[in-house]
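coords_5.tsv follows; it contains TSV, C-alpha atoms.
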```tsv
chain	number	residue	atom	x	y	z
A	290	MET	CA	-57.92	71.15	5.89
A	291	ALA	CA	-59.74	71.44	2.58
A	292	LEU	CA	-56.98	69.74	0.64
A	293	GLY	CA	-56.82	66.98	3.25
A	294	LYS	CA	-60.54	66.37	2.86
A	295	GLU	CA	-60.12	65.95	-0.86
A	296	ILE	CA	-57.26	63.52	-0.43
A	297	SER	CA	-59.10	61.48	2.20
A	298	GLU	CA	-62.12	61.21	-0.11
A	299	LYS	CA	-59.87	59.95	-2.88
A	300	LEU	CA	-58.35	57.54	-0.40
A	301	ARG	CA	-61.81	56.19	0.49
A	302	GLU	CA	-62.53	55.60	-3.17
A	303	ALA	CA	-59.18	53.95	-3.78
A	304	VAL	CA	-59.05	51.46	-0.92
A	305	ASP	CA	-60.77	48.24	-2.00
A	306	ARG	CA	-58.85	45.73	0.16
A	307	ASP	CA	-57.14	45.39	3.52
A	308	LEU	CA	-53.86	47.29	3.47
A	309	SER	CA	-51.29	47.86	6.17
A	310	PHE	CA	-48.55	50.48	5.89
A	311	MET	CA	-45.78	51.18	8.37
A	312	HIS	CA	-44.18	54.50	9.16
A	313	ILE	CA	-40.81	54.62	10.88
A	314	CYS	CA	-40.80	58.04	12.44
A	315	GLY	CA	-41.87	59.38	15.81
A	316	THR	CA	-42.70	62.74	14.27
A	317	HIS	CA	-45.07	61.00	11.84
A	318	GLU	CA	-46.80	59.28	14.75
A	319	ALA	CA	-47.17	62.63	16.56
A	320	ALA	CA	-48.69	64.25	13.45
A	321	ILE	CA	-51.04	61.28	12.83
A	322	SER	CA	-52.26	61.15	16.41
A	323	ARG	CA	-52.57	64.91	16.83
A	324	ALA	CA	-54.72	65.25	13.72
A	325	GLY	CA	-56.69	62.07	14.55
A	326	LEU	CA	-55.86	60.80	11.07
A	327	ARG	CA	-56.61	57.16	11.87
A	328	SER	CA	-60.27	58.08	12.42
A	329	VAL	CA	-60.64	59.44	8.87
A	330	LEU	CA	-58.96	56.51	7.14
A	331	PRO	CA	-61.20	54.13	5.22
A	332	PRO	CA	-61.91	50.77	6.89
A	333	GLY	CA	-59.29	48.29	5.80
A	334	LEU	CA	-56.46	50.85	5.68
A	335	LYS	CA	-54.19	50.54	8.65
A	336	ILE	CA	-51.14	52.59	9.56
A	337	VAL	CA	-48.77	51.07	12.08
A	338	MET	CA	-45.73	52.53	13.79
A	339	GLY	CA	-42.42	50.78	13.35
A	340	PRO	CA	-39.06	51.26	15.07
A	341	GLY	CA	-39.05	55.01	14.43
A	342	CYS	CA	-38.00	56.31	17.81
A	343	PRO	CA	-34.23	56.13	18.40
A	344	VAL	CA	-34.59	56.36	22.17
A	345	CYS	CA	-37.15	53.53	22.19
A	346	ILE	CA	-35.00	51.14	20.18
A	347	THR	CA	-31.87	51.71	22.28
A	348	PRO	CA	-31.48	48.34	24.02
A	349	GLN	CA	-31.25	48.00	27.76
A	350	GLY	CA	-27.61	46.91	27.49
A	351	GLU	CA	-26.67	50.35	26.12
A	352	ILE	CA	-28.57	52.13	28.91
A	353	ASP	CA	-26.63	49.92	31.34
A	354	ALA	CA	-23.38	50.99	29.62
A	355	ALA	CA	-24.39	54.64	30.14
A	356	LEU	CA	-24.99	53.84	33.81
A	357	ASP	CA	-21.51	52.24	33.94
A	358	LEU	CA	-20.07	55.54	32.70
A	359	VAL	CA	-21.85	57.34	35.55
A	360	GLU	CA	-20.29	54.85	38.00
A	361	ARG	CA	-16.84	55.55	36.57
A	362	GLY	CA	-17.33	59.18	37.63
A	363	CYS	CA	-17.92	60.62	34.18
A	364	ILE	CA	-20.13	63.59	33.61
A	365	VAL	CA	-22.74	61.99	31.37
A	366	ALA	CA	-24.42	64.29	28.85
A	367	THR	CA	-27.34	63.29	26.65
A	368	TYR	CA	-30.74	64.23	25.25
A	369	GLY	CA	-33.56	64.71	27.75
A	370	ASP	CA	-35.61	61.91	26.24
A	371	LEU	CA	-33.08	59.32	27.36
A	372	LEU	CA	-33.03	60.22	31.07
A	373	ARG	CA	-35.90	58.10	32.28
A	374	VAL	CA	-35.42	55.10	30.00
A	375	PRO	CA	-35.10	52.14	32.35
A	376	GLY	CA	-31.93	50.06	32.29
A	377	SER	CA	-31.39	46.91	34.37
A	378	ARG	CA	-30.68	48.96	37.47
A	379	GLY	CA	-32.57	52.21	37.26
A	380	SER	CA	-32.26	55.05	34.80
A	381	LEU	CA	-29.80	57.89	34.21
A	382	GLU	CA	-32.22	60.15	36.06
A	383	SER	CA	-32.24	57.96	39.17
A	384	SER	CA	-28.50	57.16	39.02
A	385	GLY	CA	-27.46	59.96	41.36
A	386	GLY	CA	-24.53	60.82	39.07
A	387	ASP	CA	-23.63	64.02	37.28
A	388	VAL	CA	-26.03	63.61	34.38
A	389	ARG	CA	-26.68	66.64	32.20
A	390	VAL	CA	-29.26	67.23	29.50
A	391	VAL	CA	-27.88	68.93	26.42
A	392	GLN	CA	-29.44	70.22	23.23
A	393	GLY	CA	-26.85	68.45	21.12
A	394	VAL	CA	-23.34	67.03	21.05
A	395	HIS	CA	-21.72	70.48	20.65
A	396	LYS	CA	-23.06	71.47	24.07
A	397	ALA	CA	-21.52	68.35	25.61
A	398	VAL	CA	-18.17	69.42	24.12
A	399	GLU	CA	-18.61	72.85	25.72
A	400	ILE	CA	-18.97	71.10	29.09
A	401	ALA	CA	-15.75	69.15	28.42
A	402	ARG	CA	-13.90	72.38	27.62
A	403	SER	CA	-14.94	73.85	30.97
A	404	THR	CA	-13.80	70.97	33.20
A	405	ASN	CA	-10.95	68.52	33.78
A	406	LYS	CA	-13.40	65.70	34.45
A	407	GLU	CA	-14.25	63.12	31.81
A	408	VAL	CA	-17.39	63.96	29.81
A	409	ALA	CA	-19.20	61.13	28.00
A	410	PHE	CA	-21.97	61.92	25.52
A	411	ILE	CA	-24.59	59.19	25.08
A	412	SER	CA	-25.00	59.49	21.35
A	413	VAL	CA	-28.36	58.10	20.21
A	414	GLY	CA	-30.22	58.80	16.99
A	415	PHE	CA	-30.70	57.83	13.38
A	416	GLU	CA	-29.19	59.40	10.26
A	417	THR	CA	-30.46	62.84	11.31
A	418	THR	CA	-28.25	62.96	14.39
A	419	ALA	CA	-25.14	61.00	13.42
A	420	PRO	CA	-23.83	63.70	11.02
A	421	THR	CA	-23.99	66.31	13.81
A	422	VAL	CA	-21.77	64.09	15.95
A	423	ALA	CA	-19.43	63.42	13.05
A	424	ALA	CA	-19.07	67.15	12.29
A	425	THR	CA	-18.31	67.78	15.95
A	426	LEU	CA	-15.67	65.05	16.26
A	427	LEU	CA	-13.99	66.42	13.14
A	428	THR	CA	-13.39	69.66	15.06
A	429	ARG	CA	-11.24	67.56	17.44
A	430	PRO	CA	-12.85	68.08	20.88
A	431	PRO	CA	-10.63	67.98	24.00
A	432	GLU	CA	-9.15	64.71	25.30
A	433	ASN	CA	-11.59	64.43	28.21
A	434	PHE	CA	-14.51	64.09	25.77
A	435	SER	CA	-15.89	60.82	24.42
A	436	ILE	CA	-19.12	59.36	23.06
A	437	LEU	CA	-21.03	56.13	23.59
A	438	SER	CA	-22.21	55.50	20.05
A	439	CYS	CA	-25.77	54.15	20.14
A	440	HIS	CA	-26.56	55.30	16.59
A	441	ARG	CA	-28.76	53.24	14.32
A	442	LEU	CA	-29.48	53.26	10.59
A	443	VAL	CA	-33.06	52.90	9.34
A	444	PRO	CA	-32.69	50.86	6.10
A	445	PRO	CA	-31.18	47.74	7.75
A	446	ALA	CA	-34.15	47.59	10.14
A	447	MET	CA	-36.55	47.87	7.23
A	448	LYS	CA	-34.69	45.04	5.53
A	449	TRP	CA	-35.10	42.90	8.65
A	450	LEU	CA	-38.82	43.68	8.90
A	451	LEU	CA	-39.34	42.79	5.25
A	452	GLU	CA	-37.39	39.55	5.43
A	453	GLN	CA	-39.11	38.53	8.61
A	454	GLY	CA	-42.62	39.32	7.38
A	455	GLU	CA	-44.28	39.14	10.79
A	456	ALA	CA	-45.99	42.55	10.50
A	457	LYS	CA	-47.55	41.73	7.08
A	458	LEU	CA	-46.89	45.10	5.53
A	459	HIS	CA	-47.92	46.37	2.09
A	460	GLY	CA	-45.57	49.33	2.10
A	461	PHE	CA	-43.71	51.99	4.03
A	462	LEU	CA	-44.14	55.68	4.64
A	463	LEU	CA	-40.50	56.73	4.72
A	464	PRO	CA	-39.24	59.10	7.40
A	465	GLY	CA	-39.14	62.64	6.02
A	466	HIS	CA	-36.35	64.00	8.18
A	467	VAL	CA	-34.06	60.99	7.87
A	468	CYS	CA	-34.50	61.26	4.10
A	469	THR	CA	-33.87	65.02	4.27
A	470	VAL	CA	-30.34	64.13	5.37
A	471	VAL	CA	-29.54	60.89	3.53
A	472	GLY	CA	-31.95	61.05	0.60
A	473	TYR	CA	-33.88	57.96	-0.48
A	474	GLN	CA	-31.51	56.16	-2.81
A	475	ASP	CA	-30.72	53.54	-0.13
A	476	TYR	CA	-34.39	52.59	-0.05
A	477	GLU	CA	-34.55	51.74	-3.75
A	478	GLN	CA	-33.15	48.27	-2.97
A	479	PHE	CA	-36.43	47.22	-1.31
A	480	PRO	CA	-39.02	45.58	-3.56
A	481	VAL	CA	-41.98	47.16	-1.79
A	482	PRO	CA	-44.07	50.34	-2.25
A	483	GLN	CA	-42.47	53.28	-0.41
A	484	VAL	CA	-43.31	56.97	-0.25
A	485	VAL	CA	-41.28	59.68	1.49
A	486	ALA	CA	-43.78	61.81	3.38
A	487	GLY	CA	-43.76	65.16	5.14
A	488	PHE	CA	-45.41	66.01	8.43
A	489	GLU	CA	-48.60	67.95	7.68
A	490	PRO	CA	-51.80	65.86	7.84
A	491	GLU	CA	-52.13	66.50	4.09
A	492	ASP	CA	-48.59	65.23	3.47
A	493	ILE	CA	-49.34	62.00	5.29
A	494	LEU	CA	-52.70	61.46	3.57
A	495	LEU	CA	-51.05	62.11	0.20
A	496	GLY	CA	-48.29	59.62	1.08
A	497	LEU	CA	-50.90	56.99	1.95
A	498	LEU	CA	-52.83	57.62	-1.26
A	499	MET	CA	-49.65	57.21	-3.32
A	500	LEU	CA	-48.90	53.95	-1.48
A	501	VAL	CA	-52.42	52.61	-2.14
A	502	GLU	CA	-52.08	53.49	-5.82
A	503	GLN	CA	-48.73	51.71	-6.06
A	504	VAL	CA	-50.17	48.56	-4.49
A	505	LYS	CA	-53.20	48.61	-6.81
A	506	SER	CA	-51.08	49.03	-9.92
A	507	GLY	CA	-48.71	46.28	-8.80
A	508	GLU	CA	-45.74	48.65	-8.60
A	509	ALA	CA	-43.01	48.79	-5.98
A	510	LYS	CA	-40.87	51.91	-6.09
A	511	VAL	CA	-39.80	54.87	-4.00
A	512	GLU	CA	-41.82	58.02	-4.57
A	513	ASN	CA	-41.23	61.39	-2.99
A	514	ALA	CA	-44.27	63.17	-1.54
A	515	TYR	CA	-42.05	65.61	0.34
A	516	PRO	CA	-40.03	67.28	-2.45
A	517	ARG	CA	-40.07	70.55	-0.49
A	518	ALA	CA	-37.29	69.19	1.72
A	519	VAL	CA	-36.17	65.84	0.32
A	520	THR	CA	-34.08	65.00	-2.72
A	521	ARG	CA	-32.86	61.59	-3.87
A	522	GLU	CA	-29.30	62.39	-2.77
A	523	GLY	CA	-30.19	64.20	0.46
A	524	ASN	CA	-27.61	66.41	2.13
A	525	VAL	CA	-24.45	65.11	0.48
A	526	ARG	CA	-22.10	66.90	2.85
A	527	ALA	CA	-23.85	65.49	5.92
A	528	ARG	CA	-23.69	61.99	4.48
A	529	GLN	CA	-19.99	62.30	3.66
A	530	LEU	CA	-19.10	63.59	7.12
A	531	MET	CA	-21.05	60.74	8.71
A	532	TYR	CA	-19.08	58.08	6.84
A	533	GLU	CA	-15.77	59.89	7.34
A	534	VAL	CA	-16.15	59.32	11.09
A	535	PHE	CA	-18.40	56.26	11.45
A	536	ALA	CA	-18.56	52.80	9.90
A	537	PRO	CA	-21.56	50.44	9.96
A	538	VAL	CA	-21.50	47.66	12.56
A	539	ASP	CA	-23.91	44.88	13.58
A	540	ALA	CA	-26.15	46.10	16.40
A	541	GLU	CA	-29.06	44.99	18.56
A	542	TRP	CA	-32.28	47.03	18.62
A	543	ARG	CA	-34.71	46.87	21.51
A	544	GLY	CA	-37.41	44.43	20.43
A	545	PHE	CA	-35.24	43.09	17.60
A	546	PRO	CA	-32.31	40.72	17.42
A	547	VAL	CA	-28.89	41.89	16.21
A	548	ILE	CA	-29.45	43.53	12.81
A	549	PRO	CA	-26.45	43.37	10.46
A	550	ARG	CA	-24.70	46.69	9.74
A	551	SER	CA	-27.45	48.70	11.46
A	552	GLY	CA	-25.30	50.53	14.01
A	553	LEU	CA	-22.42	52.98	13.70
A	554	GLN	CA	-19.01	52.64	15.31
A	555	LEU	CA	-16.18	55.16	15.27
A	556	LYS	CA	-13.55	54.56	12.60
A	557	SER	CA	-9.88	54.26	13.41
A	558	GLY	CA	-8.56	57.76	13.87
A	559	PHE	CA	-11.49	58.59	16.11
A	560	GLU	CA	-11.14	55.72	18.60
A	561	GLU	CA	-9.81	58.08	21.27
A	562	TYR	CA	-13.37	59.44	21.43
A	563	ASP	CA	-14.92	55.99	21.89
A	564	ALA	CA	-16.16	55.85	25.51
A	565	GLN	CA	-16.62	52.09	25.30
A	566	LYS	CA	-12.92	51.59	24.53
A	567	LYS	CA	-11.67	54.39	26.76
A	568	PHE	CA	-13.41	53.01	29.87
A	569	ASP	CA	-13.52	49.37	28.82
A	570	ILE	CA	-17.31	49.19	29.05
A	571	PRO	CA	-18.91	46.03	27.68
A	572	ILE	CA	-22.37	46.12	26.09
A	573	ARG	CA	-24.38	43.13	27.24
A	574	HIS	CA	-27.58	41.66	25.90
A	575	VAL	CA	-30.30	41.92	28.55
A	576	GLU	CA	-33.43	39.74	28.53
A	577	LYS	CA	-36.59	41.63	29.47
A	578	HIS	CA	-38.69	40.46	32.37
A	579	SER	CA	-41.87	42.47	32.46
A	580	ALA	CA	-45.32	42.55	30.94
A	581	CYS	CA	-44.25	45.57	28.83
A	582	ILE	CA	-44.88	44.97	25.11
A	583	CYS	CA	-42.70	47.80	23.74
A	584	ASP	CA	-40.79	45.19	21.74
A	585	ARG	CA	-43.96	44.16	19.88
A	586	VAL	CA	-45.05	47.79	19.42
A	587	LEU	CA	-41.67	48.59	17.86
A	588	ARG	CA	-42.00	45.69	15.43
A	589	GLY	CA	-45.43	46.93	14.34
A	590	ILE	CA	-47.34	43.86	15.55
A	591	ALA	CA	-49.03	45.42	18.58
A	592	GLU	CA	-50.51	48.80	19.43
A	593	PRO	CA	-49.91	50.69	22.67
A	594	THR	CA	-53.48	50.05	23.83
A	595	ASP	CA	-52.89	46.28	23.50
A	596	CYS	CA	-50.62	46.56	26.55
A	597	ARG	CA	-52.05	45.73	29.97
A	598	LEU	CA	-49.78	48.35	31.52
A	599	PHE	CA	-50.73	51.22	29.17
A	600	GLY	CA	-52.03	54.26	31.02
A	601	LYS	CA	-52.05	52.34	34.29
A	602	VAL	CA	-48.70	51.46	35.90
A	603	CYS	CA	-47.03	52.66	32.73
A	604	ASN	CA	-47.62	56.37	32.18
A	605	PRO	CA	-45.40	59.37	31.34
A	606	ARG	CA	-44.59	59.98	35.03
A	607	THR	CA	-43.66	56.38	35.81
A	608	PRO	CA	-42.81	54.82	32.46
A	609	VAL	CA	-42.15	51.07	32.41
A	610	GLY	CA	-41.05	50.85	28.81
A	611	PRO	CA	-39.09	53.22	26.54
A	612	CYS	CA	-42.07	53.90	24.25
A	613	MET	CA	-43.73	55.73	27.16
A	614	VAL	CA	-40.58	57.74	27.94
A	615	SER	CA	-39.67	59.45	24.71
A	616	HIS	CA	-41.75	62.20	23.15
A	617	GLU	CA	-41.43	60.16	19.98
A	618	GLY	CA	-42.52	56.89	21.53
A	619	ALA	CA	-45.83	55.48	20.31
A	620	CYS	CA	-47.14	54.91	23.85
A	621	ARG	CA	-46.23	58.40	25.02
A	622	ILE	CA	-47.87	59.93	21.95
A	623	TRP	CA	-51.03	57.84	22.27
A	624	HIS	CA	-51.22	58.73	25.94
A	625	MET	CA	-50.73	62.43	25.16
A	626	PHE	CA	-53.44	62.52	22.53
A	627	ARG	CA	-55.73	60.30	24.59
A	628	VAL	CA	-55.88	57.62	21.92
A	629	ARG	CA	-57.90	54.86	23.55
A	630	GLN	CA	-59.95	53.23	20.86
A	631	LYS	CA	-58.65	50.87	18.23
B	184	MET	CA	-35.05	64.35	20.05
B	185	CYS	CA	-35.43	63.46	16.40
B	186	ILE	CA	-37.74	66.38	15.81
B	187	ALA	CA	-36.45	68.91	13.31
B	188	VAL	CA	-37.74	72.47	13.33
B	189	PRO	CA	-37.57	75.04	10.52
B	190	ALA	CA	-35.99	78.40	11.20
B	191	GLU	CA	-34.73	81.45	9.30
B	192	VAL	CA	-31.03	82.25	9.31
B	193	VAL	CA	-30.67	85.84	10.56
B	194	GLU	CA	-26.94	86.07	11.22
B	195	ILE	CA	-23.80	84.14	10.35
B	196	LYS	CA	-20.92	84.21	12.82
B	197	GLU	CA	-17.40	82.84	12.78
B	198	GLY	CA	-16.66	79.15	13.26
B	199	ASN	CA	-19.68	77.63	11.54
B	200	VAL	CA	-22.14	79.22	13.95
B	201	GLY	CA	-25.29	81.07	12.94
B	202	VAL	CA	-28.23	82.70	14.63
B	203	VAL	CA	-31.66	81.46	13.54
B	204	ASP	CA	-35.16	82.71	14.20
B	205	TYR	CA	-37.86	80.13	14.97
B	206	GLY	CA	-40.62	82.73	14.99
B	207	ASP	CA	-40.76	83.39	18.72
B	208	LEU	CA	-37.23	82.54	19.64
B	209	LYS	CA	-33.75	83.25	18.35
B	210	GLN	CA	-30.94	80.81	18.97
B	211	GLU	CA	-27.39	80.02	17.92
B	212	VAL	CA	-27.05	76.86	15.86
B	213	ARG	CA	-24.17	75.00	14.20
B	214	LEU	CA	-23.90	75.35	10.43
B	215	ASP	CA	-21.31	72.60	9.81
B	216	LEU	CA	-23.66	70.57	7.62
B	217	VAL	CA	-25.04	73.24	5.24
B	218	ASP	CA	-24.01	76.21	3.10
B	219	VAL	CA	-26.47	78.99	3.83
B	220	LYS	CA	-26.93	82.71	3.52
B	221	VAL	CA	-28.83	85.12	5.75
B	222	GLY	CA	-32.55	85.01	4.92
B	223	GLU	CA	-32.58	81.33	3.94
B	224	PHE	CA	-34.55	78.70	5.87
B	225	VAL	CA	-32.99	75.64	7.44
B	226	LEU	CA	-34.25	72.59	9.29
B	227	VAL	CA	-32.73	72.56	12.79
B	228	HIS	CA	-32.20	69.31	14.66
B	229	VAL	CA	-30.34	68.93	17.99
B	230	GLY	CA	-28.78	72.37	17.55
B	231	PHE	CA	-27.55	71.81	13.98
B	232	ALA	CA	-28.97	72.99	10.68
B	233	ILE	CA	-29.33	69.67	8.84
B	234	GLN	CA	-30.70	70.90	5.50
B	235	LYS	CA	-31.80	73.99	3.62
B	236	LEU	CA	-35.52	74.49	3.03
B	237	SER	CA	-37.61	76.62	0.75
B	238	ARG	CA	-39.11	79.62	2.52
B	239	GLU	CA	-42.63	78.28	1.99
B	240	GLU	CA	-41.78	74.94	3.54
B	241	GLY	CA	-40.14	76.67	6.47
B	242	LEU	CA	-43.17	78.75	7.30
B	243	GLU	CA	-45.65	75.90	6.82
B	244	THR	CA	-43.79	73.36	8.88
B	245	ARG	CA	-43.29	75.83	11.68
B	246	GLU	CA	-47.02	75.88	12.30
B	247	ILE	CA	-47.29	72.11	12.93
B	248	PHE	CA	-44.64	72.31	15.63
B	249	ARG	CA	-46.45	75.13	17.35
B	250	GLN	CA	-49.52	72.92	17.59
B	251	VAL	CA	-47.62	69.83	18.73
B	252	TYR	CA	-45.81	71.76	21.46
B	253	ALA	CA	-49.09	73.28	22.66
B	254	ALA	CA	-50.54	69.78	22.99
B	255	MET	CA	-47.42	68.53	24.80
B	256	GLN	CA	-47.64	71.31	27.36
B	257	GLU	CA	-51.30	70.57	27.96
B	258	SER	CA	-50.52	66.95	28.71
B	259	GLU	CA	-47.78	67.67	31.24
```
Give the structure from this file in structure tokens form.
Amino acid sequence: MALGKEISEKLREAVDRDLSFMHICGTHEAAISRAGLRSVLPPGLKIVMGPGCPVCITPQGEIDAALDLVERGCIVATYGDLLRVPGSRGSLESSGGDVRVVQGVHKAVEIARSTNKEVAFISVGFETTAPTVAATLLTRPPENFSILSCHRLVPPAMKWLLEQGEAKLHGFLLPGHVCTVVGYQDYEQFPVPQVVAGFEPEDILLGLLMLVEQVKSGEAKVENAYPRAVTREGNVRARQLMYEVFAPVDAEWRGFPVIPRSGLQLKSGFEEYDAQKKFDIPIRHVEKHSACICDRVLRGIAEPTDCRLFGKVCNPRTPVGPCMVSHEGACRIWHMFRVRQK
Amino acid sequence: MCIAVPAEVVEIKEGNVGVVDYGDLKQEVRLDLVDVKVGEFVLVHVGFAIQKLSREEGLETREIFRQVYAAMQESE
């Protein structure tokens, strides 16, 4: 990592104050923890994980809605990461229903084509995943197919974090894959240093260095440290398909209140595929009652090791909170890479 | 589930389906979201190519996933 060494030396020279940057991407957290990047950062420079794991931020009420669909006798198809996320009364894995793990929405449609039973796809994910669902619905799947839309958009959550100010952030490392799809023009509205970063240790160090330099020069703009994959406009076709099928809607995130226009609901013309309407499933707000601090981890104000449950009652085999379930959850990643120290 | 993996397009079939090569594994993916030709690299996410990549980026990024998956398997 010769290049990385050079960048981290530059970073040491550049950091002359306490700085805190947030990334919003589970894949960034995995790359940071795997390479042990936090140990080479200069003192004073802190990188915190925000709400970058779509499974983790799916609120309990939506998991409960998925469990309702199981109770209605639907075949429930979803991504493997969601299976063990606890709802108010168990998880999809423990529900005893016909729950199937699929690679993506197109595989759930294949199941629907092969049966007369109702198939409901629990559709989680940010702007990377929503276009795949949109493209699939545009192919007009069979009548016995529907989705529970749990999609979320990243910029509204960033807006909330900035307005709220609790995490005291100096800038954001923007999620490389989300920006691959939607570009970074939506982020230009935020008056804060932001850099789109890739996933090699060098990419992340370079992103951090560019953030530090922006802060020091008093600038606040979006820079692209991942031009190999990301353009300002992103994948225009994917973006168009997404908004042909979905419209923004106010939505709750786990650990957050309702964030305006941060979710996606199906537009008229696609309502027949809306599992919530088809089966009359309400989505309720559920208060949490445990010592789990996933909510604070997701808001960037606590680290996994701050949690009393971390690595003890809460571990990948018996997860208490969603951040220990998903491969993109901060707790799961820290546990995997044996991150113990602060 | 939000992980996106680079792969080379090795075949294009009817109905927006293509076959990609991840290095060790070939798989069918959906091509609804991109215009690609055989030999180009794409980023694959939940069974869909979500964007085209340069060849260099494709090969480089592939390596990081190999390492992450190796670590995941160790921990399970």
Near Met613 in chain A, within 10 Å and counting all atoms listed in the file, which residues show up once chain neighbours fewer than 5 positions away are dropped, as a ChimeraX atom specification? /A:345,373-374,583,593,599-600,603-608,618-625
Now that the selection is made, can you save its residues with C-alpha atoms as an mmCIF file, keeping the file's coordinate frame?
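Saved to selection.cif:
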```cif
data_model
loop_
_atom_site.group_PDB
_atom_site.id
_atom_site.type_symbol
_atom_site.label_atom_id
_atom_site.label_comp_id
_atom_site.auth_asym_id
_atom_site.auth_seq_id
_atom_site.Cartn_x
_atom_site.Cartn_y
_atom_site.Cartn_z
ATOM 1 C CA CYS A 345 -37.150 53.530 22.190
ATOM 2 C CA ARG A 373 -35.900 58.100 32.280
ATOM 3 C CA VAL A 374 -35.420 55.100 30.000
ATOM 4 C CA CYS A 583 -42.700 47.800 23.740
ATOM 5 C CA PRO A 593 -49.910 50.690 22.670
ATOM 6 C CA PHE A 599 -50.730 51.220 29.170
ATOM 7 C CA GLY A 600 -52.030 54.260 31.020
ATOM 8 C CA CYS A 603 -47.030 52.660 32.730
ATOM 9 C CA ASN A 604 -47.620 56.370 32.180
ATOM 10 C CA PRO A 605 -45.400 59.370 31.340
ATOM 11 C CA ARG A 606 -44.590 59.980 35.030
ATOM 12 C CA THR A 607 -43.660 56.380 35.810
ATOM 13 C CA PRO A 608 -42.810 54.820 32.460
ATOM 14 C CA GLY A 618 -42.520 56.890 21.530
ATOM 15 C CA ALA A 619 -45.830 55.480 20.310
ATOM 16 C CA CYS A 620 -47.140 54.910 23.850
ATOM 17 C CA ARG A 621 -46.230 58.400 25.020
ATOM 18 C CA ILE A 622 -47.870 59.930 21.950
ATOM 19 C CA TRP A 623 -51.030 57.840 22.270
ATOM 20 C CA HIS A 624 -51.220 58.730 25.940
ATOM 21 C CA MET A 625 -50.730 62.430 25.160
#
```
Non-local contacts of Glu223 in chain B (12 Å; only C-alpha atoms; under 5 positions in same chain excluded) as a compact mmCIF listing (two decimals) with C-alpha atoms, in the coordinates of the input:
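Saved as around_7.txt:
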```txt
# COMPACT_ATOMS: atom_id res chain seq x y z
CA PRO B 189 -37.57 75.04 10.52
CA ALA B 190 -35.99 78.40 11.20
CA GLU B 191 -34.73 81.45 9.30
CA VAL B 192 -31.03 82.25 9.31
CA VAL B 193 -30.67 85.84 10.56
CA GLU B 194 -26.94 86.07 11.22
CA ILE B 195 -23.80 84.14 10.35
CA GLY B 201 -25.29 81.07 12.94
CA VAL B 202 -28.23 82.70 14.63
CA VAL B 203 -31.66 81.46 13.54
CA ASP B 204 -35.16 82.71 14.20
CA VAL B 217 -25.04 73.24 5.24
CA ASP B 218 -24.01 76.21 3.10
CA ALA B 232 -28.97 72.99 10.68
CA GLN B 234 -30.70 70.90 5.50
CA LYS B 235 -31.80 73.99 3.62
CA LEU B 236 -35.52 74.49 3.03
CA SER B 237 -37.61 76.62 0.75
CA ARG B 238 -39.11 79.62 2.52
CA GLU B 239 -42.63 78.28 1.99
CA GLU B 240 -41.78 74.94 3.54
CA GLY B 241 -40.14 76.67 6.47
CA LEU B 242 -43.17 78.75 7.30
```
Distance CA of Pro430 in chain A-CA of Arg528 in chain A, one decimal place? 20.6 Å
Please, which residues of chain B lie no more than 6 Å from chain A when the count uses only C-alpha atoms, and can they be set out as a VMD selection string? chain B and resid 216 229 to 230 236 258
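Note that the spacing between CA of Ala509 in chain A and CA of Gln483 in chain A amounts to 7.2 Å.
Computed from the coordinates, the CA of Lys567 in chain A to CA of Leu437 in chain A distance equals 10.0 Å.
If you measure from each of A:Leu497, A:Leu300, A:Asp353, A:Ser384 to Ile321 in chain A using only C-alpha atoms, the closest one turns out to be A:Leu497.
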When you get a chance, write out N, CA, C and O atoms for range 208-214 of chain B, as a compact mmCIF listing (two decimals), keeping the file's coordinate frame.
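Done, and the output landed in result-v3.txt:
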```txt
# COMPACT_ATOMS: atom_id res chain seq x y z
N LEU B 208 -38.47 82.75 18.90
CA LEU B 208 -37.23 82.54 19.64
C LEU B 208 -36.05 82.58 18.69
O LEU B 208 -36.11 82.02 17.60
N LYS B 209 -34.98 83.28 19.14
CA LYS B 209 -33.75 83.25 18.35
C LYS B 209 -32.72 82.40 19.08
O LYS B 209 -32.68 82.40 20.31
N GLN B 210 -31.90 81.70 18.33
CA GLN B 210 -30.94 80.81 18.97
C GLN B 210 -29.73 80.61 18.07
O GLN B 210 -29.84 80.67 16.85
N GLU B 211 -28.59 80.37 18.70
CA GLU B 211 -27.39 80.02 17.92
C GLU B 211 -27.46 78.55 17.53
O GLU B 211 -27.84 77.71 18.35
N VAL B 212 -27.12 78.26 16.29
CA VAL B 212 -27.05 76.86 15.86
C VAL B 212 -25.75 76.63 15.09
O VAL B 212 -25.12 77.57 14.61
N ARG B 213 -25.37 75.37 14.97
CA ARG B 213 -24.17 75.00 14.20
C ARG B 213 -24.54 74.90 12.72
O ARG B 213 -25.60 74.38 12.37
N LEU B 214 -23.65 75.38 11.88
CA LEU B 214 -23.90 75.35 10.43
C LEU B 214 -22.94 74.43 9.69
O LEU B 214 -22.77 74.55 8.49
```
